[in-house]
file upload_9.cif (mmCIF, C-alpha atoms)
data_final
loop_
_atom_site.group_PDB
_atom_site.id
_atom_site.type_symbol
_atom_site.label_atom_id
_atom_site.label_comp_id
_atom_site.auth_asym_id
_atom_site.auth_seq_id
_atom_site.Cartn_x
_atom_site.Cartn_y
_atom_site.Cartn_z
ATOM 1 C CA MET A 1 0.000 0.000 0.000
ATOM 2 C CA ALA A 2 1.174 3.531 -0.759
ATOM 3 C CA SER A 3 0.219 6.709 1.044
ATOM 4 C CA THR A 4 -0.390 10.089 -0.586
ATOM 5 C CA THR A 5 3.082 11.079 0.636
ATOM 6 C CA ASP A 6 4.508 8.402 -1.709
ATOM 7 C CA PHE A 7 2.815 9.892 -4.796
ATOM 8 C CA ARG A 8 5.138 10.677 -7.699
ATOM 9 C CA ASN A 9 4.695 10.955 -11.454
ATOM 10 C CA GLY A 10 4.586 7.490 -13.005
ATOM 11 C CA LEU A 11 3.318 5.686 -9.867
ATOM 12 C CA VAL A 12 0.820 2.983 -10.882
ATOM 13 C CA MET A 13 -2.129 2.239 -8.584
ATOM 14 C CA ARG A 14 -5.274 0.139 -8.590
ATOM 15 C CA LEU A 15 -8.601 2.014 -8.335
ATOM 16 C CA ASP A 16 -11.945 0.289 -8.926
ATOM 17 C CA ASN A 17 -10.154 -2.818 -10.286
ATOM 18 C CA GLU A 18 -8.378 -0.801 -12.996
ATOM 19 C CA LEU A 19 -4.736 0.268 -13.243
ATOM 20 C CA TRP A 20 -4.040 4.017 -13.276
ATOM 21 C CA THR A 21 -0.752 5.915 -13.501
ATOM 22 C CA ILE A 22 -0.174 9.358 -12.010
ATOM 23 C CA VAL A 23 0.465 11.910 -14.747
ATOM 24 C CA GLU A 24 0.675 14.881 -12.368
ATOM 25 C CA PHE A 25 -0.150 15.633 -8.749
ATOM 26 C CA GLN A 26 -0.247 18.576 -6.362
ATOM 27 C CA HIS A 27 -0.308 18.686 -2.545
ATOM 28 C CA VAL A 28 -2.792 21.340 -1.356
ATOM 29 C CA LYS A 29 -2.958 22.778 2.179
ATOM 30 C CA PRO A 30 -5.989 25.060 2.407
ATOM 31 C CA GLY A 31 -6.178 27.582 5.229
ATOM 32 C CA LYS A 32 -9.238 25.853 6.593
ATOM 33 C CA GLY A 33 -9.758 22.079 6.675
ATOM 34 C CA GLY A 34 -7.434 19.168 6.056
ATOM 35 C CA ALA A 35 -4.746 18.880 3.397
ATOM 36 C CA PHE A 36 -5.415 16.898 0.217
ATOM 37 C CA VAL A 37 -3.718 15.793 -2.988
ATOM 38 C CA ARG A 38 -5.100 16.677 -6.419
ATOM 39 C CA THR A 39 -4.077 14.173 -9.121
ATOM 40 C CA ARG A 40 -4.478 13.628 -12.824
ATOM 41 C CA LEU A 41 -4.567 9.884 -13.537
ATOM 42 C CA LYS A 42 -4.304 8.011 -16.841
ATOM 43 C CA ASN A 43 -5.783 4.543 -17.342
ATOM 44 C CA VAL A 44 -2.955 2.163 -18.306
ATOM 45 C CA LYS A 45 -5.099 0.112 -20.697
ATOM 46 C CA THR A 46 -7.518 2.605 -22.251
ATOM 47 C CA GLY A 47 -5.570 5.872 -21.965
ATOM 48 C CA ARG A 48 -8.584 7.635 -20.416
ATOM 49 C CA VAL A 49 -7.663 10.598 -18.168
ATOM 50 C CA LEU A 50 -9.305 11.224 -14.794
ATOM 51 C CA ASP A 51 -8.939 14.002 -12.209
ATOM 52 C CA LYS A 52 -9.191 12.658 -8.654
ATOM 53 C CA THR A 53 -8.655 14.156 -5.200
ATOM 54 C CA PHE A 54 -7.276 12.143 -2.270
ATOM 55 C CA ARG A 55 -7.318 13.138 1.425
ATOM 56 C CA SER A 56 -3.845 13.566 2.882
ATOM 57 C CA GLY A 57 -2.584 10.249 4.274
ATOM 58 C CA GLU A 58 -5.115 8.177 2.294
ATOM 59 C CA LYS A 59 -3.817 4.740 1.264
ATOM 60 C CA VAL A 60 -3.958 3.279 -2.252
ATOM 61 C CA GLU A 61 -2.821 -0.064 -3.625
ATOM 62 C CA ASP A 62 0.322 0.465 -5.683
ATOM 63 C CA VAL A 63 1.191 -1.952 -8.491
ATOM 64 C CA ARG A 64 4.623 -2.822 -9.831
ATOM 65 C CA LEU A 65 4.916 -2.903 -13.600
ATOM 66 C CA GLU A 66 7.734 -4.485 -15.565
ATOM 67 C CA LYS A 67 9.137 -3.416 -18.936
ATOM 68 C CA LYS A 68 10.990 -5.947 -21.068
ATOM 69 C CA LYS A 69 12.712 -5.592 -24.410
ATOM 70 C CA TYR A 70 11.207 -7.640 -27.217
ATOM 71 C CA GLN A 71 11.835 -7.839 -30.948
ATOM 72 C CA TYR A 72 8.909 -7.412 -33.335
ATOM 73 C CA LEU A 73 8.784 -10.377 -35.720
ATOM 74 C CA TYR A 74 5.613 -10.054 -37.814
ATOM 75 C CA GLY A 75 1.931 -9.160 -37.682
ATOM 76 C CA GLY A 76 -1.322 -10.058 -39.369
ATOM 77 C CA ASP A 77 -5.054 -10.470 -38.716
ATOM 78 C CA ASN A 78 -4.918 -7.897 -35.900
ATOM 79 C CA GLU A 79 -2.289 -9.925 -34.016
ATOM 80 C CA TYR A 80 1.403 -9.159 -33.570
ATOM 81 C CA VAL A 81 4.200 -11.594 -32.695
ATOM 82 C CA PHE A 82 7.158 -10.521 -30.529
ATOM 83 C CA MET A 83 10.246 -12.418 -29.339
ATOM 84 C CA ASP A 84 11.951 -12.054 -25.952
ATOM 85 C CA MET A 85 15.528 -10.912 -26.626
ATOM 86 C CA GLN A 86 17.001 -13.131 -23.886
ATOM 87 C CA THR A 87 14.945 -16.341 -23.847
ATOM 88 C CA TYR A 88 13.827 -16.322 -27.526
ATOM 89 C CA GLU A 89 10.288 -17.063 -26.318
ATOM 90 C CA GLN A 90 7.587 -15.732 -28.667
ATOM 91 C CA ILE A 91 4.348 -14.072 -27.585
ATOM 92 C CA THR A 92 1.322 -12.982 -29.618
ATOM 93 C CA ILE A 93 -0.389 -9.719 -28.692
ATOM 94 C CA ALA A 94 -3.781 -8.473 -29.911
ATOM 95 C CA GLY A 95 -3.860 -5.329 -32.040
ATOM 96 C CA ASP A 96 -5.920 -3.305 -29.568
ATOM 97 C CA VAL A 97 -3.223 -3.844 -26.894
ATOM 98 C CA VAL A 98 -0.428 -2.836 -29.301
ATOM 99 C CA GLY A 99 -2.382 0.338 -30.139
ATOM 100 C CA ASP A 100 -0.704 3.227 -31.969
ATOM 101 C CA ALA A 101 2.713 1.556 -31.762
ATOM 102 C CA SER A 102 1.616 -0.673 -34.669
ATOM 103 C CA LYS A 103 1.851 2.338 -37.022
ATOM 104 C CA TYR A 104 5.582 2.734 -36.434
ATOM 105 C CA ILE A 105 7.068 -0.733 -35.871
ATOM 106 C CA LYS A 106 8.586 -2.890 -38.598
ATOM 107 C CA ASP A 107 10.080 -6.381 -38.695
ATOM 108 C CA GLY A 108 13.177 -6.774 -36.516
ATOM 109 C CA MET A 109 12.604 -3.570 -34.517
ATOM 110 C CA GLU A 110 13.137 -3.577 -30.734
ATOM 111 C CA VAL A 111 10.199 -2.454 -28.588
ATOM 112 C CA GLU A 112 9.401 -2.380 -24.876
ATOM 113 C CA ILE A 113 6.429 -4.401 -23.652
ATOM 114 C CA LEU A 114 4.752 -3.386 -20.410
ATOM 115 C CA PHE A 115 3.667 -6.239 -18.115
ATOM 116 C CA GLY A 116 1.522 -5.943 -14.999
ATOM 117 C CA GLU A 117 0.313 -8.808 -12.855
ATOM 118 C CA GLY A 118 1.158 -11.412 -15.491
ATOM 119 C CA GLU A 119 -0.613 -9.766 -18.426
ATOM 120 C CA VAL A 120 0.522 -7.547 -21.289
ATOM 121 C CA LEU A 121 -0.652 -3.975 -20.755
ATOM 122 C CA GLY A 122 0.905 -2.227 -23.728
ATOM 123 C CA VAL A 123 3.661 -1.922 -26.305
ATOM 124 C CA GLU A 124 5.978 1.084 -26.581
ATOM 125 C CA ALA A 125 7.744 1.763 -29.870
ATOM 126 C CA PRO A 126 11.112 3.556 -29.778
ATOM 127 C CA ILE A 127 10.700 7.345 -29.465
ATOM 128 C CA PHE A 128 12.293 7.947 -32.879
ATOM 129 C CA VAL A 129 12.069 5.525 -35.807
ATOM 130 C CA GLU A 130 13.493 5.716 -39.318
ATOM 131 C CA LEU A 131 10.999 4.687 -41.982
ATOM 132 C CA GLU A 132 10.959 4.819 -45.785
ATOM 133 C CA ILE A 133 8.340 6.801 -47.688
ATOM 134 C CA ILE A 134 6.512 4.599 -50.181
ATOM 135 C CA LYS A 135 3.982 7.127 -51.499
ATOM 136 C CA THR A 136 3.793 10.912 -51.615
ATOM 137 C CA ASP A 137 2.812 13.528 -54.163
ATOM 138 C CA PRO A 138 5.597 15.525 -55.777
ATOM 139 C CA GLY A 139 6.090 18.937 -54.204
ATOM 140 C CA VAL A 140 5.773 21.861 -56.604
ATOM 141 C CA LYS A 141 8.244 24.678 -56.034
ATOM 142 C CA GLY A 142 6.533 27.990 -55.339
ATOM 143 C CA ASP A 143 3.271 26.474 -54.059
ATOM 144 C CA THR A 144 3.554 28.303 -50.755
ATOM 145 C CA ALA A 145 5.097 31.485 -49.435
ATOM 146 C CA SER A 146 6.592 29.947 -46.301
ATOM 147 C CA GLY A 147 7.175 26.226 -46.634
ATOM 148 C CA GLY A 148 4.393 23.726 -46.586
ATOM 149 C CA ASN A 149 3.504 20.148 -45.843
ATOM 150 C CA LYS A 150 2.057 17.223 -47.722
ATOM 151 C CA PRO A 151 0.910 13.750 -46.619
ATOM 152 C CA ALA A 152 3.326 10.843 -47.042
ATOM 153 C CA THR A 153 2.600 7.136 -46.571
ATOM 154 C CA LEU A 154 5.349 5.235 -44.771
ATOM 155 C CA GLU A 155 6.414 1.602 -45.242
ATOM 156 C CA THR A 156 4.372 0.620 -42.160
ATOM 157 C CA GLY A 157 1.184 2.202 -43.558
ATOM 158 C CA ALA A 158 1.245 5.269 -41.295
ATOM 159 C CA VAL A 159 0.573 8.665 -42.877
ATOM 160 C CA VAL A 160 2.575 11.680 -41.670
ATOM 161 C CA GLN A 161 2.873 15.286 -42.826
ATOM 162 C CA VAL A 162 6.263 16.022 -44.428
ATOM 163 C CA PRO A 163 7.832 19.118 -46.052
ATOM 164 C CA LEU A 164 7.341 19.599 -49.811
ATOM 165 C CA PHE A 165 10.972 18.710 -50.670
ATOM 166 C CA ILE A 166 10.637 15.108 -49.394
ATOM 167 C CA GLN A 167 10.273 12.518 -52.179
ATOM 168 C CA GLU A 168 9.251 8.858 -52.486
ATOM 169 C CA GLY A 169 12.011 6.384 -51.572
ATOM 170 C CA GLU A 170 13.616 8.690 -49.010
ATOM 171 C CA THR A 171 13.979 7.664 -45.355
ATOM 172 C CA ILE A 172 12.752 10.021 -42.646
ATOM 173 C CA LYS A 173 12.897 10.091 -38.852
ATOM 174 C CA VAL A 174 9.478 10.137 -37.124
ATOM 175 C CA ASP A 175 8.620 10.963 -33.499
ATOM 176 C CA THR A 176 6.300 8.107 -32.416
ATOM 177 C CA ARG A 177 4.884 10.089 -29.476
ATOM 178 C CA THR A 178 3.335 12.707 -31.758
ATOM 179 C CA GLY A 179 3.418 10.986 -35.135
ATOM 180 C CA SER A 180 5.289 13.906 -36.665
ATOM 181 C CA TYR A 181 8.192 14.277 -39.101
ATOM 182 C CA VAL A 182 11.539 15.129 -37.481
ATOM 183 C CA GLU A 183 14.170 15.076 -40.260
ATOM 184 C CA ARG A 184 15.276 13.457 -43.487
ATOM 185 C CA VAL A 185 17.792 10.636 -42.966
ATOM 186 C CA LYS A 186 18.649 9.600 -46.545
#
call {"tool": "encode", "arguments": {"input": "upload_9.cif", "output": "structure tokens"}}
result
Amino acid sequence: MASTTDFRNGLVMRLDNELWTIVEFQHVKPGKGGAFVRTRLKNVKTGRVLDKTFRSGEKVEDVRLEKKKYQYLYGGDNEYVFMDMQTYEQITIAGDVVGDASKYIKDGMEVEILFGEGEVLGVEAPIFVELEIIKTDPGVKGDTASGGNKPATLETGAVVQVPLFIQEGETIKVDTRTGSYVERVK
């Protein structure tokens, strides 16, 4: 059990039989009445955000999560297969658990899989990935006064906005947290 004095960003707790992580928190001591802690919580599975207030000293059940490195092997039919980098054991994960990470992972890429209480809670792609552009319209010089963007389809099927000078066949770096173009690699 953890007390409100143990709260920190990233702490995972169980509330109403669901796992929540603390995104931000603030200790409040009003002039009148008891102290309390205001928190913003994010559901580990669904990503839903909740604002909740706890009385000072209130106890919550904290949960330990484990992250392990896995290699992405292949995917199909809304299922993805990963291999443990140390034991070579393979696991299959449903597409809804993989979530947005599926847009940015390709065969052979290392990812981190989040485990909690014996079950897979999520998959985290690397923060930056290098992917090839397989389809984009040619950029026409002089189309805009101050730069511009166009959609580009990546080798994984994801669509990102890229500058007009980027062409098909080039490799770009993408930020997987925001799904945005960072720079041209080749």
call {"tool": "closest_residue", "arguments": {"input": "upload_9.cif", "among": "A:Lys69, A:Lys32, A:Arg64, A:Lys59", "to": "Gly10 (chain A)", "atoms": "only C-alpha atoms"}}
result
A:Arg64
call {"tool": "atom_distance", "arguments": {"input": "upload_9.cif", "atom1": "CA of Pro126 (chain A)", "atom2": "CA of Val185 (chain A)"}}
result
16.4 Å
call {"tool": "residues_near_point", "arguments": {"input": "upload_9.cif", "point": "(-7.8, 14.6, -2.4)", "cutoff": "7 Å", "atoms": "only C-alpha atoms", "output": "list in words"}}
result
Phe36, Val37, Arg38, Lys52, Thr53, Phe54, Arg55 and Ser56 of chain A
call {"tool": "resolve_selection", "arguments": {"input": "upload_9.cif", "expression": "the PyMOL selection byres ((chain A and resi 152) around 8)", "output": "PyMOL selection string"}}
result
chain A and resi 133-137+150-151+153-154+159-162
call {"tool": "closest_residue", "arguments": {"input": "upload_9.cif", "among": "A:Asn149, A:Thr176, A:Thr21, A:Thr4", "to": "Leu65 (chain A)", "atoms": "only C-alpha atoms"}}
result
A:Thr21
call {"tool": "atom_distance", "arguments": {"input": "upload_9.cif", "atom1": "CA of Glu183 (chain A)", "atom2": "CA of Val98 (chain A)"}}
result
25.6 Å
call {"tool": "residues_around", "arguments": {"input": "upload_9.cif", "residues": "region 42-51 of chain A", "least_positions_apart": "3", "cutoff": "7 Å", "atoms": "all atoms listed in the file", "output": "list of chain:residue names"}}
result
A:Leu19, A:Trp20, A:Thr21, A:Ile22, A:Val23, A:Thr39, A:Leu121
call {"tool": "write_last_selection", "arguments": {"input": "upload_9.cif", "atoms": "C-alpha atoms", "output": "PDB file, in the frame of the given file"}}
result
ATOM      1  CA  LEU A  19      -4.736   0.268 -13.243  1.00  0.00           C
ATOM      2  CA  TRP A  20      -4.040   4.017 -13.276  1.00  0.00           C
ATOM      3  CA  THR A  21      -0.752   5.915 -13.501  1.00  0.00           C
ATOM      4  CA  ILE A  22      -0.174   9.358 -12.010  1.00  0.00           C
ATOM      5  CA  VAL A  23       0.465  11.910 -14.747  1.00  0.00           C
ATOM      6  CA  THR A  39      -4.077  14.173  -9.121  1.00  0.00           C
ATOM      7  CA  LEU A 121      -0.652  -3.975 -20.755  1.00  0.00           C
TER       8      LEU A 121
END
call {"tool": "residues_near_point", "arguments": {"input": "upload_9.cif", "point": "(15.3, 2.2, -34.4)", "cutoff": "7 Å", "atoms": "only C-alpha atoms", "output": "list in words"}}
result
Met109, Pro126, Phe128, Val129 and Glu130 of chain A
call {"tool": "decode", "arguments": {"input": "upload_9.cif", "residues": "region 7-137 of chain A", "atoms": "C-alpha atoms", "output": "compact mmCIF listing (two decimals), in the first residue's frame"}}
result
# COMPACT_ATOMS: atom_id res chain seq x y z
CA PHE A 7 2.81 9.89 -4.80
CA ARG A 8 5.14 10.68 -7.70
CA ASN A 9 4.70 10.95 -11.45
CA GLY A 10 4.59 7.49 -13.00
CA LEU A 11 3.32 5.69 -9.87
CA VAL A 12 0.82 2.98 -10.88
CA MET A 13 -2.13 2.24 -8.58
CA ARG A 14 -5.27 0.14 -8.59
CA LEU A 15 -8.60 2.01 -8.34
CA ASP A 16 -11.95 0.29 -8.93
CA ASN A 17 -10.15 -2.82 -10.29
CA GLU A 18 -8.38 -0.80 -13.00
CA LEU A 19 -4.74 0.27 -13.24
CA TRP A 20 -4.04 4.02 -13.28
CA THR A 21 -0.75 5.91 -13.50
CA ILE A 22 -0.17 9.36 -12.01
CA VAL A 23 0.47 11.91 -14.75
CA GLU A 24 0.68 14.88 -12.37
CA PHE A 25 -0.15 15.63 -8.75
CA GLN A 26 -0.25 18.58 -6.36
CA HIS A 27 -0.31 18.69 -2.55
CA VAL A 28 -2.79 21.34 -1.36
CA LYS A 29 -2.96 22.78 2.18
CA PRO A 30 -5.99 25.06 2.41
CA GLY A 31 -6.18 27.58 5.23
CA LYS A 32 -9.24 25.85 6.59
CA GLY A 33 -9.76 22.08 6.68
CA GLY A 34 -7.43 19.17 6.06
CA ALA A 35 -4.75 18.88 3.40
CA PHE A 36 -5.42 16.90 0.22
CA VAL A 37 -3.72 15.79 -2.99
CA ARG A 38 -5.10 16.68 -6.42
CA THR A 39 -4.08 14.17 -9.12
CA ARG A 40 -4.48 13.63 -12.82
CA LEU A 41 -4.57 9.88 -13.54
CA LYS A 42 -4.30 8.01 -16.84
CA ASN A 43 -5.78 4.54 -17.34
CA VAL A 44 -2.95 2.16 -18.31
CA LYS A 45 -5.10 0.11 -20.70
CA THR A 46 -7.52 2.61 -22.25
CA GLY A 47 -5.57 5.87 -21.96
CA ARG A 48 -8.58 7.64 -20.42
CA VAL A 49 -7.66 10.60 -18.17
CA LEU A 50 -9.31 11.22 -14.79
CA ASP A 51 -8.94 14.00 -12.21
CA LYS A 52 -9.19 12.66 -8.65
CA THR A 53 -8.66 14.16 -5.20
CA PHE A 54 -7.28 12.14 -2.27
CA ARG A 55 -7.32 13.14 1.42
CA SER A 56 -3.84 13.57 2.88
CA GLY A 57 -2.58 10.25 4.27
CA GLU A 58 -5.12 8.18 2.29
CA LYS A 59 -3.82 4.74 1.26
CA VAL A 60 -3.96 3.28 -2.25
CA GLU A 61 -2.82 -0.06 -3.62
CA ASP A 62 0.32 0.46 -5.68
CA VAL A 63 1.19 -1.95 -8.49
CA ARG A 64 4.62 -2.82 -9.83
CA LEU A 65 4.92 -2.90 -13.60
CA GLU A 66 7.73 -4.48 -15.56
CA LYS A 67 9.14 -3.42 -18.94
CA LYS A 68 10.99 -5.95 -21.07
CA LYS A 69 12.71 -5.59 -24.41
CA TYR A 70 11.21 -7.64 -27.22
CA GLN A 71 11.83 -7.84 -30.95
CA TYR A 72 8.91 -7.41 -33.33
CA LEU A 73 8.78 -10.38 -35.72
CA TYR A 74 5.61 -10.05 -37.81
CA GLY A 75 1.93 -9.16 -37.68
CA GLY A 76 -1.32 -10.06 -39.37
CA ASP A 77 -5.05 -10.47 -38.72
CA ASN A 78 -4.92 -7.90 -35.90
CA GLU A 79 -2.29 -9.92 -34.02
CA TYR A 80 1.40 -9.16 -33.57
CA VAL A 81 4.20 -11.59 -32.69
CA PHE A 82 7.16 -10.52 -30.53
CA MET A 83 10.25 -12.42 -29.34
CA ASP A 84 11.95 -12.05 -25.95
CA MET A 85 15.53 -10.91 -26.63
CA GLN A 86 17.00 -13.13 -23.89
CA THR A 87 14.94 -16.34 -23.85
CA TYR A 88 13.83 -16.32 -27.53
CA GLU A 89 10.29 -17.06 -26.32
CA GLN A 90 7.59 -15.73 -28.67
CA ILE A 91 4.35 -14.07 -27.58
CA THR A 92 1.32 -12.98 -29.62
CA ILE A 93 -0.39 -9.72 -28.69
CA ALA A 94 -3.78 -8.47 -29.91
CA GLY A 95 -3.86 -5.33 -32.04
CA ASP A 96 -5.92 -3.31 -29.57
CA VAL A 97 -3.22 -3.84 -26.89
CA VAL A 98 -0.43 -2.84 -29.30
CA GLY A 99 -2.38 0.34 -30.14
CA ASP A 100 -0.70 3.23 -31.97
CA ALA A 101 2.71 1.56 -31.76
CA SER A 102 1.62 -0.67 -34.67
CA LYS A 103 1.85 2.34 -37.02
CA TYR A 104 5.58 2.73 -36.43
CA ILE A 105 7.07 -0.73 -35.87
CA LYS A 106 8.59 -2.89 -38.60
CA ASP A 107 10.08 -6.38 -38.70
CA GLY A 108 13.18 -6.77 -36.52
CA MET A 109 12.60 -3.57 -34.52
CA GLU A 110 13.14 -3.58 -30.73
CA VAL A 111 10.20 -2.45 -28.59
CA GLU A 112 9.40 -2.38 -24.88
CA ILE A 113 6.43 -4.40 -23.65
CA LEU A 114 4.75 -3.39 -20.41
CA PHE A 115 3.67 -6.24 -18.12
CA GLY A 116 1.52 -5.94 -15.00
CA GLU A 117 0.31 -8.81 -12.85
CA GLY A 118 1.16 -11.41 -15.49
CA GLU A 119 -0.61 -9.77 -18.43
CA VAL A 120 0.52 -7.55 -21.29
CA LEU A 121 -0.65 -3.97 -20.76
CA GLY A 122 0.91 -2.23 -23.73
CA VAL A 123 3.66 -1.92 -26.31
CA GLU A 124 5.98 1.08 -26.58
CA ALA A 125 7.74 1.76 -29.87
CA PRO A 126 11.11 3.56 -29.78
CA ILE A 127 10.70 7.34 -29.47
CA PHE A 128 12.29 7.95 -32.88
CA VAL A 129 12.07 5.53 -35.81
CA GLU A 130 13.49 5.72 -39.32
CA LEU A 131 11.00 4.69 -41.98
CA GLU A 132 10.96 4.82 -45.79
CA ILE A 133 8.34 6.80 -47.69
CA ILE A 134 6.51 4.60 -50.18
CA LYS A 135 3.98 7.13 -51.50
CA THR A 136 3.79 10.91 -51.61
CA ASP A 137 2.81 13.53 -54.16
